[in-house]
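Data from target.pdb: PDB, C-alpha atoms and all ligand atoms
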```pdb
ATOM      1  CA  MET A   1      20.212 -12.707   5.952
ATOM      2  CA  SER A   2      16.643 -11.609   6.642
ATOM      3  CA  THR A   3      13.632 -10.721   4.538
ATOM      4  CA  TRP A   4      11.349  -8.014   5.871
ATOM      5  CA  ALA A   5       7.939  -6.840   4.701
ATOM      6  CA  ILE A   6       7.386  -3.146   5.331
ATOM      7  CA  GLY A   7       4.023  -1.372   5.505
ATOM      8  CA  ASP A   8       2.822   1.755   3.704
ATOM      9  CA  LEU A   9       5.590   4.367   3.676
ATOM     10  CA  GLN A  10       3.197   7.170   2.651
ATOM     11  CA  GLY A  11       5.993   9.592   1.826
ATOM     12  CA  CYS A  12       7.596   9.334   5.288
ATOM     13  CA  TYR A  13      11.302   9.240   4.460
ATOM     14  CA  ASP A  14      12.711   9.924   7.953
ATOM     15  CA  VAL A  15      10.456   7.308   9.518
ATOM     16  CA  THR A  16      11.445   4.788   6.855
ATOM     17  CA  GLN A  17      15.139   5.408   7.548
ATOM     18  CA  ARG A  18      14.502   4.990  11.266
ATOM     19  CA  LEU A  19      12.760   1.652  10.673
ATOM     20  CA  LEU A  20      15.583   0.409   8.439
ATOM     21  CA  GLU A  21      18.024   1.311  11.217
ATOM     22  CA  ARG A  22      15.903  -0.482  13.807
ATOM     23  CA  ILE A  23      15.866  -3.711  11.792
ATOM     24  CA  ARG A  24      19.585  -3.200  11.008
ATOM     25  CA  PHE A  25      18.874  -3.537   7.326
ATOM     26  CA  ASP A  26      22.010  -4.451   5.394
ATOM     27  CA  PRO A  27      21.539  -4.262   1.597
ATOM     28  CA  ALA A  28      24.445  -6.672   1.150
ATOM     29  CA  VAL A  29      22.529  -9.538   2.745
ATOM     30  CA  ASP A  30      18.934  -8.546   3.592
ATOM     31  CA  ARG A  31      15.887  -8.238   1.361
ATOM     32  CA  LEU A  32      12.868  -5.919   1.625
ATOM     33  CA  TRP A  33       9.271  -6.271   0.529
ATOM     34  CA  PHE A  34       7.389  -2.976   0.333
ATOM     35  CA  CYS A  35       3.607  -3.238   0.637
ATOM     36  CA  GLY A  36       2.875  -0.187  -1.538
ATOM     37  CA  ASP A  37       1.645   3.365  -1.051
ATOM     38  CA  LEU A  38       5.198   4.656  -1.100
ATOM     39  CA  VAL A  39       3.970   8.193  -1.702
ATOM     40  CA  ASN A  40       1.521  10.873  -0.552
ATOM     41  CA  ARG A  41       0.564  12.300   2.825
ATOM     42  CA  GLY A  42       3.996  12.241   4.509
ATOM     43  CA  GLY A  43       5.517  15.289   2.847
ATOM     44  CA  GLN A  44       8.682  13.462   1.740
ATOM     45  CA  SER A  45       7.349  11.510  -1.201
ATOM     46  CA  ILE A  46      10.192  12.300  -3.595
ATOM     47  CA  GLU A  47      12.842  11.333  -1.037
ATOM     48  CA  THR A  48      10.963   8.138  -0.202
ATOM     49  CA  LEU A  49      10.557   7.198  -3.846
ATOM     50  CA  ARG A  50      14.254   7.802  -4.530
ATOM     51  CA  LEU A  51      15.187   5.679  -1.519
ATOM     52  CA  VAL A  52      13.076   2.691  -2.552
ATOM     53  CA  HIS A  53      14.213   3.076  -6.169
ATOM     54  CA  SER A  54      17.823   2.992  -4.985
ATOM     55  CA  LEU A  55      17.077  -0.289  -3.182
ATOM     56  CA  ARG A  56      15.327  -1.859  -6.182
ATOM     57  CA  GLU A  57      17.943  -4.589  -6.651
ATOM     58  CA  VAL A  58      17.304  -5.887  -3.130
ATOM     59  CA  SER A  59      13.552  -5.178  -2.873
ATOM     60  CA  HIS A  60      10.152  -6.109  -4.177
ATOM     61  CA  VAL A  61       7.438  -3.471  -4.352
ATOM     62  CA  VAL A  62       3.711  -3.915  -4.926
ATOM     63  CA  LEU A  63       1.674  -0.929  -6.046
ATOM     64  CA  GLY A  64      -0.846   0.732  -3.759
ATOM     65  CA  ASN A  65      -3.747   2.979  -4.720
ATOM     66  CA  HIS A  66      -1.656   6.100  -4.063
ATOM     67  CA  ASP A  67       1.145   4.841  -6.307
ATOM     68  CA  LEU A  68      -1.279   4.102  -9.149
ATOM     69  CA  SER A  69      -2.880   7.471  -8.623
ATOM     70  CA  LEU A  70       0.538   9.138  -8.907
ATOM     71  CA  LEU A  71       1.141   7.268 -12.167
ATOM     72  CA  ALA A  72      -2.225   8.444 -13.492
ATOM     73  CA  ILE A  73      -1.526  12.062 -12.533
ATOM     74  CA  GLY A  74       1.908  11.711 -14.130
ATOM     75  CA  GLU A  75       0.179  11.410 -17.496
ATOM     76  CA  ARG A  76      -1.761  14.660 -17.115
ATOM     77  CA  SER A  77      -0.804  18.112 -18.361
ATOM     78  CA  PRO A  78       1.603  20.202 -16.245
ATOM     79  CA  GLU A  79      -1.313  22.566 -15.670
ATOM     80  CA  ASP A  80      -3.381  19.778 -14.109
ATOM     81  CA  GLN A  81      -0.383  18.479 -12.213
ATOM     82  CA  ARG A  82      -0.013  21.852 -10.506
ATOM     83  CA  LYS A  83      -3.428  21.295  -8.904
ATOM     84  CA  VAL A  84      -2.308  18.309  -6.814
ATOM     85  CA  ASN A  85      -0.828  18.606  -3.324
ATOM     86  CA  PRO A  86       2.749  19.902  -2.912
ATOM     87  CA  ASP A  87       4.038  16.509  -1.786
ATOM     88  CA  LEU A  88       3.028  14.852  -5.064
ATOM     89  CA  GLN A  89       4.072  17.902  -7.086
ATOM     90  CA  GLY A  90       7.529  17.407  -5.598
ATOM     91  CA  VAL A  91       7.608  14.054  -7.382
ATOM     92  CA  LEU A  92       5.917  15.142 -10.609
ATOM     93  CA  PHE A  93       8.222  18.108 -11.223
ATOM     94  CA  ALA A  94      11.446  16.453 -10.064
ATOM     95  CA  GLU A  95      14.213  16.127 -12.626
ATOM     96  CA  ASP A  96      14.290  12.346 -12.193
ATOM     97  CA  ALA A  97      10.480  11.953 -12.329
ATOM     98  CA  PRO A  98      10.495  10.138 -15.701
ATOM     99  CA  GLU A  99      12.922   7.519 -14.419
ATOM    100  CA  LEU A 100      11.149   7.098 -11.078
ATOM    101  CA  LEU A 101       7.670   6.843 -12.614
ATOM    102  CA  ALA A 102       8.830   4.418 -15.315
ATOM    103  CA  TRP A 103      10.301   2.216 -12.593
ATOM    104  CA  LEU A 104       7.143   2.499 -10.460
ATOM    105  CA  ARG A 105       5.060   1.457 -13.456
ATOM    106  CA  SER A 106       7.138  -1.716 -13.717
ATOM    107  CA  CYS A 107       6.282  -2.798 -10.159
ATOM    108  CA  GLU A 108       3.954  -5.664  -9.363
ATOM    109  CA  LEU A 109       0.399  -5.830  -8.001
ATOM    110  CA  ALA A 110       1.154  -9.074  -6.220
ATOM    111  CA  HIS A 111       4.504 -10.535  -5.326
ATOM    112  CA  VAL A 112       4.823 -14.273  -4.772
ATOM    113  CA  ASP A 113       7.701 -16.227  -3.301
ATOM    114  CA  ARG A 114       6.757 -19.889  -3.029
ATOM    115  CA  GLU A 115      10.091 -20.880  -1.556
ATOM    116  CA  LEU A 116       9.663 -18.371   1.247
ATOM    117  CA  GLY A 117       5.949 -19.232   1.529
ATOM    118  CA  TRP A 118       4.655 -15.680   1.279
ATOM    119  CA  MET A 119       2.596 -13.511  -1.031
ATOM    120  CA  MET A 120       2.396  -9.709  -0.791
ATOM    121  CA  VAL A 121      -0.417  -7.398  -1.927
ATOM    122  CA  HIS A 122      -1.199  -3.823  -0.974
ATOM    123  CA  ALA A 123      -4.796  -4.388   0.148
ATOM    124  CA  GLY A 124      -6.469  -7.778  -0.311
ATOM    125  CA  LEU A 125      -7.653 -10.745  -2.322
ATOM    126  CA  ALA A 126     -11.128 -11.623  -3.614
ATOM    127  CA  PRO A 127     -12.772 -14.402  -1.554
ATOM    128  CA  LYS A 128     -12.637 -16.875  -4.414
ATOM    129  CA  TRP A 129      -9.038 -16.208  -5.350
ATOM    130  CA  THR A 130      -6.470 -18.844  -4.582
ATOM    131  CA  THR A 131      -2.909 -17.561  -4.621
ATOM    132  CA  GLN A 132      -2.564 -18.973  -8.148
ATOM    133  CA  LEU A 133      -5.632 -17.072  -9.382
ATOM    134  CA  ALA A 134      -4.510 -13.906  -7.649
ATOM    135  CA  GLU A 135      -1.119 -14.179  -9.301
ATOM    136  CA  LYS A 136      -2.711 -14.664 -12.713
ATOM    137  CA  HIS A 137      -4.919 -11.577 -12.322
ATOM    138  CA  ALA A 138      -2.024  -9.488 -11.027
ATOM    139  CA  ARG A 139       0.006 -10.410 -14.106
ATOM    140  CA  GLU A 140      -2.863  -9.316 -16.383
ATOM    141  CA  ILE A 141      -2.661  -5.789 -15.006
ATOM    142  CA  GLU A 142       1.130  -5.692 -14.780
ATOM    143  CA  THR A 143       1.364  -6.669 -18.463
ATOM    144  CA  ARG A 144      -0.934  -3.788 -19.397
ATOM    145  CA  LEU A 145       0.899  -1.334 -17.167
ATOM    146  CA  ARG A 146       4.140  -2.193 -18.920
ATOM    147  CA  GLY A 147       2.556  -2.194 -22.379
ATOM    148  CA  ASP A 148       2.018   0.575 -24.932
ATOM    149  CA  ASN A 149      -1.552   1.250 -23.816
ATOM    150  CA  TYR A 150      -0.819   1.881 -20.156
ATOM    151  CA  ARG A 151      -2.194   5.435 -20.379
ATOM    152  CA  LYS A 152      -5.617   4.069 -21.245
ATOM    153  CA  LEU A 153      -5.475   1.710 -18.260
ATOM    154  CA  LEU A 154      -4.565   4.578 -15.913
ATOM    155  CA  ARG A 155      -7.342   6.785 -17.324
ATOM    156  CA  ASN A 156     -10.015   4.114 -16.861
ATOM    157  CA  MET A 157      -8.823   2.937 -13.478
ATOM    158  CA  TYR A 158     -10.922   5.226 -11.261
ATOM    159  CA  GLY A 159     -14.294   4.095  -9.920
ATOM    160  CA  ASP A 160     -15.804   1.772  -7.327
ATOM    161  CA  GLY A 161     -17.461  -0.717  -9.648
ATOM    162  CA  PRO A 162     -18.061  -3.245 -10.964
ATOM    163  CA  ASP A 163     -17.807  -6.111  -8.480
ATOM    164  CA  TRP A 164     -15.358  -8.781  -9.526
ATOM    165  CA  SER A 165     -16.569 -11.519 -11.804
ATOM    166  CA  PRO A 166     -14.337 -13.782 -13.895
ATOM    167  CA  ARG A 167     -16.555 -12.937 -16.860
ATOM    168  CA  LEU A 168     -15.637  -9.249 -16.860
ATOM    169  CA  ASN A 169     -13.467  -7.933 -19.629
ATOM    170  CA  GLY A 170     -11.952  -4.703 -20.879
ATOM    171  CA  PRO A 171     -11.567  -1.660 -18.627
ATOM    172  CA  GLU A 172     -14.160  -2.983 -16.165
ATOM    173  CA  ARG A 173     -12.120  -6.112 -15.588
ATOM    174  CA  ASP A 174      -8.967  -4.054 -15.053
ATOM    175  CA  ARG A 175     -10.739  -1.761 -12.595
ATOM    176  CA  ALA A 176     -12.253  -4.644 -10.596
ATOM    177  CA  ILE A 177      -8.867  -6.362 -10.286
ATOM    178  CA  ILE A 178      -7.072  -3.133  -9.337
ATOM    179  CA  ASN A 179      -9.699  -2.286  -6.719
ATOM    180  CA  ILE A 180      -9.278  -5.689  -5.054
ATOM    181  CA  PHE A 181      -5.496  -5.564  -4.965
ATOM    182  CA  THR A 182      -5.227  -1.932  -3.897
ATOM    183  CA  ARG A 183      -8.393  -0.890  -2.036
ATOM    184  CA  MET A 184     -10.064  -3.928  -0.475
ATOM    185  CA  ARG A 185     -10.393  -4.079   3.314
ATOM    186  CA  TYR A 186     -13.890  -5.434   3.944
ATOM    187  CA  CYS A 187     -16.213  -7.281   1.633
ATOM    188  CA  SER A 188     -19.402  -9.305   1.557
ATOM    189  CA  PRO A 189     -19.118 -13.105   1.315
ATOM    190  CA  ARG A 190     -19.711 -12.704  -2.422
ATOM    191  CA  GLY A 191     -16.810 -10.309  -2.679
ATOM    192  CA  ARG A 192     -18.508  -6.923  -2.948
ATOM    193  CA  ILE A 193     -16.002  -4.408  -1.590
ATOM    194  CA  ALA A 194     -17.271  -2.105   1.177
ATOM    195  CA  PHE A 195     -15.169   0.893   0.117
ATOM    196  CA  GLU A 196     -16.549   3.156   2.838
ATOM    197  CA  GLN A 197     -15.527   0.829   5.695
ATOM    198  CA  LYS A 198     -12.106   1.814   6.983
ATOM    199  CA  GLY A 199     -12.284   1.116  10.723
ATOM    200  CA  GLU A 200     -10.680  -1.627  12.782
ATOM    201  CA  PRO A 201     -11.827  -5.212  12.278
ATOM    202  CA  GLY A 202     -14.931  -5.590  14.418
ATOM    203  CA  SER A 203     -16.162  -2.093  13.619
ATOM    204  CA  GLN A 204     -17.773  -3.185  10.357
ATOM    205  CA  PRO A 205     -21.539  -3.766   9.997
ATOM    206  CA  PRO A 206     -22.923  -7.324  10.030
ATOM    207  CA  GLY A 207     -22.492  -9.159   6.751
ATOM    208  CA  LEU A 208     -19.083  -7.630   6.046
ATOM    209  CA  TYR A 209     -15.774  -9.360   6.730
ATOM    210  CA  PRO A 210     -12.095  -8.456   6.560
ATOM    211  CA  TRP A 211     -11.013  -9.958   3.226
ATOM    212  CA  TYR A 212      -8.774 -12.497   4.982
ATOM    213  CA  SER A 213     -11.564 -13.992   7.069
ATOM    214  CA  VAL A 214     -14.522 -14.133   4.687
ATOM    215  CA  PRO A 215     -16.500 -17.335   5.290
ATOM    216  CA  GLY A 216     -16.109 -19.767   2.425
ATOM    217  CA  ARG A 217     -12.992 -18.097   1.038
ATOM    218  CA  ALA A 218     -10.680 -20.080  -1.189
ATOM    219  CA  PRO A 219      -7.998 -22.153   0.536
ATOM    220  CA  ARG A 220      -4.617 -20.455   0.197
ATOM    221  CA  ASP A 221      -1.291 -22.196   0.222
ATOM    222  CA  LEU A 222       0.792 -19.128   1.099
ATOM    223  CA  LYS A 223       0.797 -16.650   3.922
ATOM    224  CA  VAL A 224      -0.298 -13.233   2.701
ATOM    225  CA  VAL A 225       1.166  -9.955   3.867
ATOM    226  CA  CYS A 226      -0.552  -6.661   3.101
ATOM    227  CA  GLY A 227      -0.042  -3.025   3.942
ATOM    228  CA  VAL A 228      -2.256  -0.943   6.086
ATOM    229  CA  TRP A 229      -2.759   2.698   6.887
ATOM    230  CA  SER A 230      -1.907   3.475  10.490
ATOM    231  CA  GLY A 231       0.036   5.745  12.789
ATOM    232  CA  LYS A 232       3.059   3.439  12.899
ATOM    233  CA  LEU A 233       5.425   2.058  10.315
ATOM    234  CA  THR A 234       5.757  -1.680  10.624
ATOM    235  CA  ALA A 235       8.278  -4.278   9.534
ATOM    236  CA  LEU A 236       7.460  -7.974   9.657
ATOM    237  CA  GLN A 237      10.234 -10.513   9.302
ATOM    238  CA  LEU A 238       9.094 -13.083   6.749
ATOM    239  CA  ASP A 239      11.802 -15.679   7.321
ATOM    240  CA  ALA A 240      11.463 -15.793  11.107
ATOM    241  CA  GLU A 241      10.263 -18.896  12.937
ATOM    242  CA  THR A 242       7.948 -16.863  15.123
ATOM    243  CA  LEU A 243       6.101 -13.593  14.552
ATOM    244  CA  HIS A 244       8.734 -10.876  14.571
ATOM    245  CA  VAL A 245       7.378  -7.359  14.224
ATOM    246  CA  VAL A 246       9.282  -4.089  14.570
ATOM    247  CA  GLN A 247       7.420  -0.777  14.661
ATOM    248  CA  VAL A 248       8.441   2.853  14.757
ATOM    249  CA  PRO A 249       6.134   5.818  15.398
ATOM    250  CA  GLY A 250       4.796   7.673  12.366
ATOM    251  CA  ARG A 251       5.999  10.952  11.019
ATOM    252  CA  ASP A 252       7.187  13.772  13.237
ATOM    253  CA  VAL A 253       5.055  16.859  13.512
ATOM    254  CA  ALA A 254       6.932  20.125  13.193
ATOM    255  CA  ALA A 255       7.190  21.805  16.578
ATOM    256  CA  PRO A 256       5.269  25.084  16.608
ATOM    257  CA  THR A 257       7.498  28.152  16.718
ATOM    258  CA  PRO A 258       7.043  30.113  19.990
ATOM    259  CA  ARG A 259       5.834  33.284  18.322
ATOM    260  CA  GLN A 260       3.005  31.471  16.554
ATOM    261  CA  ARG A 261       1.837  29.679  19.678
ATOM    262  CA  PRO A 262      -1.484  31.076  20.852
ATOM    263  CA  PRO A 263      -2.763  30.424  24.396
ATOM    264  CA  LYS A 264      -5.212  27.813  23.135
ATOM    265  CA  PRO A 265      -3.998  24.526  21.644
ATOM    266  CA  HIS A 266      -1.871  25.142  18.598
ATOM    267  CA  ARG A 267      -3.278  24.426  15.204
ATOM    268  CA  ALA A 268      -0.554  21.907  14.481
ATOM    269  CA  GLN A 269      -1.518  20.059  17.644
ATOM    270  CA  ASP A 270      -5.177  20.149  16.688
ATOM    271  CA  GLU A 271      -4.258  18.837  13.320
ATOM    272  CA  GLN A 272      -2.154  16.103  14.843
ATOM    273  CA  ARG A 273      -4.983  15.191  17.203
ATOM    274  CA  ARG A 274      -7.395  15.049  14.316
ATOM    275  CA  ARG A 275      -4.962  12.978  12.323
ATOM    276  CA  ASP A 276      -4.414  10.646  15.288
ATOM    277  CA  GLY A 277      -8.149  10.193  15.561
ATOM    278  CA  ARG A 278      -8.430   9.434  11.904
ATOM    279  CA  GLU A 279      -5.483   7.101  11.956
ATOM    280  CA  LYS A 280      -6.764   5.267  14.976
ATOM    281  CA  GLN A 281     -10.080   4.775  13.229
ATOM    282  CA  ARG A 282      -8.340   3.260  10.267
ATOM    283  CA  GLU A 283      -5.849   1.278  12.254
ATOM    284  CA  LYS A 284      -6.048  -2.467  12.406
ATOM    285  CA  PRO A 285      -4.756  -4.188  15.555
ATOM    286  CA  PRO A 286      -0.947  -3.924  15.694
ATOM    287  CA  GLU A 287      -0.367  -7.664  15.369
ATOM    288  CA  LYS A 288      -2.121  -7.442  12.038
ATOM    289  CA  LEU A 289       0.312  -4.858  10.711
ATOM    290  CA  PRO A 290       0.940  -6.138   8.127
ATOM    291  CA  VAL A 291      -1.706  -8.845   8.199
ATOM    292  CA  PRO A 292      -0.332 -12.351   7.995
ATOM    293  CA  GLU A 293      -2.846 -14.905   6.824
ATOM    294  CA  THR A 294      -1.857 -18.416   7.726
ATOM    295  CA  GLY A 295      -2.693 -21.214   5.350
ATOM    296  CA  SER A 296      -4.183 -23.220   8.180
ATOM    297  CA  GLU A 297      -6.724 -20.569   9.091
TER     298      GLU A 297
HETATM  299 MN    MN B 301      -3.676   2.312   0.240
END
```
Let me see the file written as structure tokens.
Amino acid sequence: MSTWAIGDLQGCYDVTQRLLERIRFDPAVDRLWFCGDLVNRGGQSIETLRLVHSLREVSHVVLGNHDLSLLAIGERSPEDQRKVNPDLQGVLFAEDAPELLAWLRSCELAHVDRELGWMMVHAGLAPKWTTQLAEKHAREIETRLRGDNYRKLLRNMYGDGPDWSPRLNGPERDRAIINIFTRMRYCSPRGRIAFEQKGEPGSQPPGLYPWYSVPGRAPRDLKVVCGVWSGKLTALQLDAETLHVVQVPGRDVAAPTPRQRPPKPHRAQDEQRRRDGREKQREKPPEKLPVPETGSE
């Protein structure tokens, strides 16, 4: 029996299946932790969502910003829903959308397993948050998401501010907590999120730190695994004695059909190159995919 944490699926169903094959995932004995952002970008969001939903008895899922965004769009009018990209529309207009979205809304913002010694979030933790505080704040949002007023929460969720403070309340408190759990990469020592910084650790301006190495951060008694946006899909074995990471390349790009191929580089290749560039920029070093934070750090 093994427990694996798996990075952002981003609507890449084929790649996800390939990774599950590589780790020889057996639902009868193994367990999966999904780091969020199940949907968007990959073109197979509905298939991916159905797959993870079908594994719900043997998995834990934390919500990413794209998942929350899908939930928010799910509450809009069909007219507005037709304005989003085809990948997300494939989810929104699927026959089983109500069931899938209701399940997604019941997922966590932070998953904690003290016996295993791990905590999972999509993005990060505020510098002052111990694992106990983080868990408490995650439960605040999860309770609202499962409650009668969840539509209000989803409507008020968008925006970069305010910075986290324990004194916040109402929609601003919700937004600050959600931004930390789902969008934080770099922050100032006081916890101000640098939303615009998406490059590799080391590429950030002075005074900003990856959330897991902010000076003066709270001591944490669990290892923390988080998702990250990159060109590869990663699995990290959580119950292994040593670091055990398995990666598969990201989504396939459709081969250009001969008739469409002009003498200069094909548009699909350009697009792929551009995407590679963008993904490389956003990529953290492979050993940090997902990022384990050791308690002794
Ligand atoms: Mn994300």
(request) Please write as a list in words the full residue list that the PyMOL selection byres (((not hetatm)) within 10 of (chain B and resi 301)) yields on this file. (result) Asp8, Gln10, Cys35, Gly36, Asp37, Leu38, Val39, Leu63, Gly64, Asn65, His66, Asp67, Leu68, His122, Ala123, Phe181, Thr182, Arg183, Met184, Arg185, Cys226, Gly227, Val228 and Trp229 of chain A
(request) Could you jot down the CA of Asn85 (chain A) to CA of Leu154 (chain A) separation for me, Å, one decimal place? (result)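 Spanning CA of Asn85 (chain A) to CA of Leu154 (chain A) is a straight-line distance of 19.2 Å.
As for CA of Trp33 (chain A) and CA of Ile46 (chain A), they are spaced 19.0 Å apart.
If you measure from each of A:Asp87, A:Gln197, A:Glu142, A:Tyr212 to Leu109 (chain A) using all atoms listed in the file, the closest one turns out to be A:Glu142.
Across the model, the gap from CA of Arg217 (chain A) to CA of Lys128 (chain A) is 5.6 Å.
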(request) Skip region 18-26 of chain A itself and residues of its chain fewer than 6 positions away, then list as a count of residues only all residues within 8 Å of it, counting all atoms listed in the file. (result) 6
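Distances from A:Lys232, A:Cys12, A:Trp103, A:Leu88 to Leu55 (chain A) were compared using all atoms listed in the file, and the smallest one belongs to A:Trp103.
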(request) Give me the result of the PyMOL selection byres (((chain A and resi 204-209) around 6) and not hetatm) on this file, residue by residue, as number ranges by chain. (result) A: 186-188, 202-203, 210-211, 214
(message) From the options A:Val245, A:Ile177, A:Leu125, A:Leu236, which residue's atoms come nearest to Trp4 (chain A), counting all atoms listed in the file?
(response) A:Leu236
(message) When you look at Pro166 (chain A) with a cut-off of 10 Å (counting only C-alpha atoms), what residues show up, excluding the ones that are within fewer than 4 positions of it in the same chain? I need them as a PyMOL selection string.
(response) chain A and resi 137+173+176-177
(request) Write out as number ranges by chain each polymer residue whose atoms come within 12 Å of Gln81 (chain A), counting all atoms listed in the file; drop sequence neighbours fewer than 4 positions from it. (result) A: 69-77, 85-93
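Put simply, the PyMOL selection byres (((chain A and resi 170) around 12) and not hetatm) in this file takes in A:Glu140, A:Ile141, A:Arg144, A:Lys152, A:Leu153, A:Asn156, A:Met157, A:Pro162, A:Pro166, A:Arg167, A:Leu168, A:Asn169, A:Pro171, A:Glu172, A:Arg173, A:Asp174, A:Arg175, A:Ala176, A:Ile177.
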(request) Identify which of the residues A:His53, A:Val61, A:Pro78, A:Arg192 lies closest to Ser165 (chain A), counting only C-alpha atoms when measuring atom-to-atom distances. (result)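 Looking only at the distances to Ser165 (chain A), the closest residue turns out to be A:Arg192.
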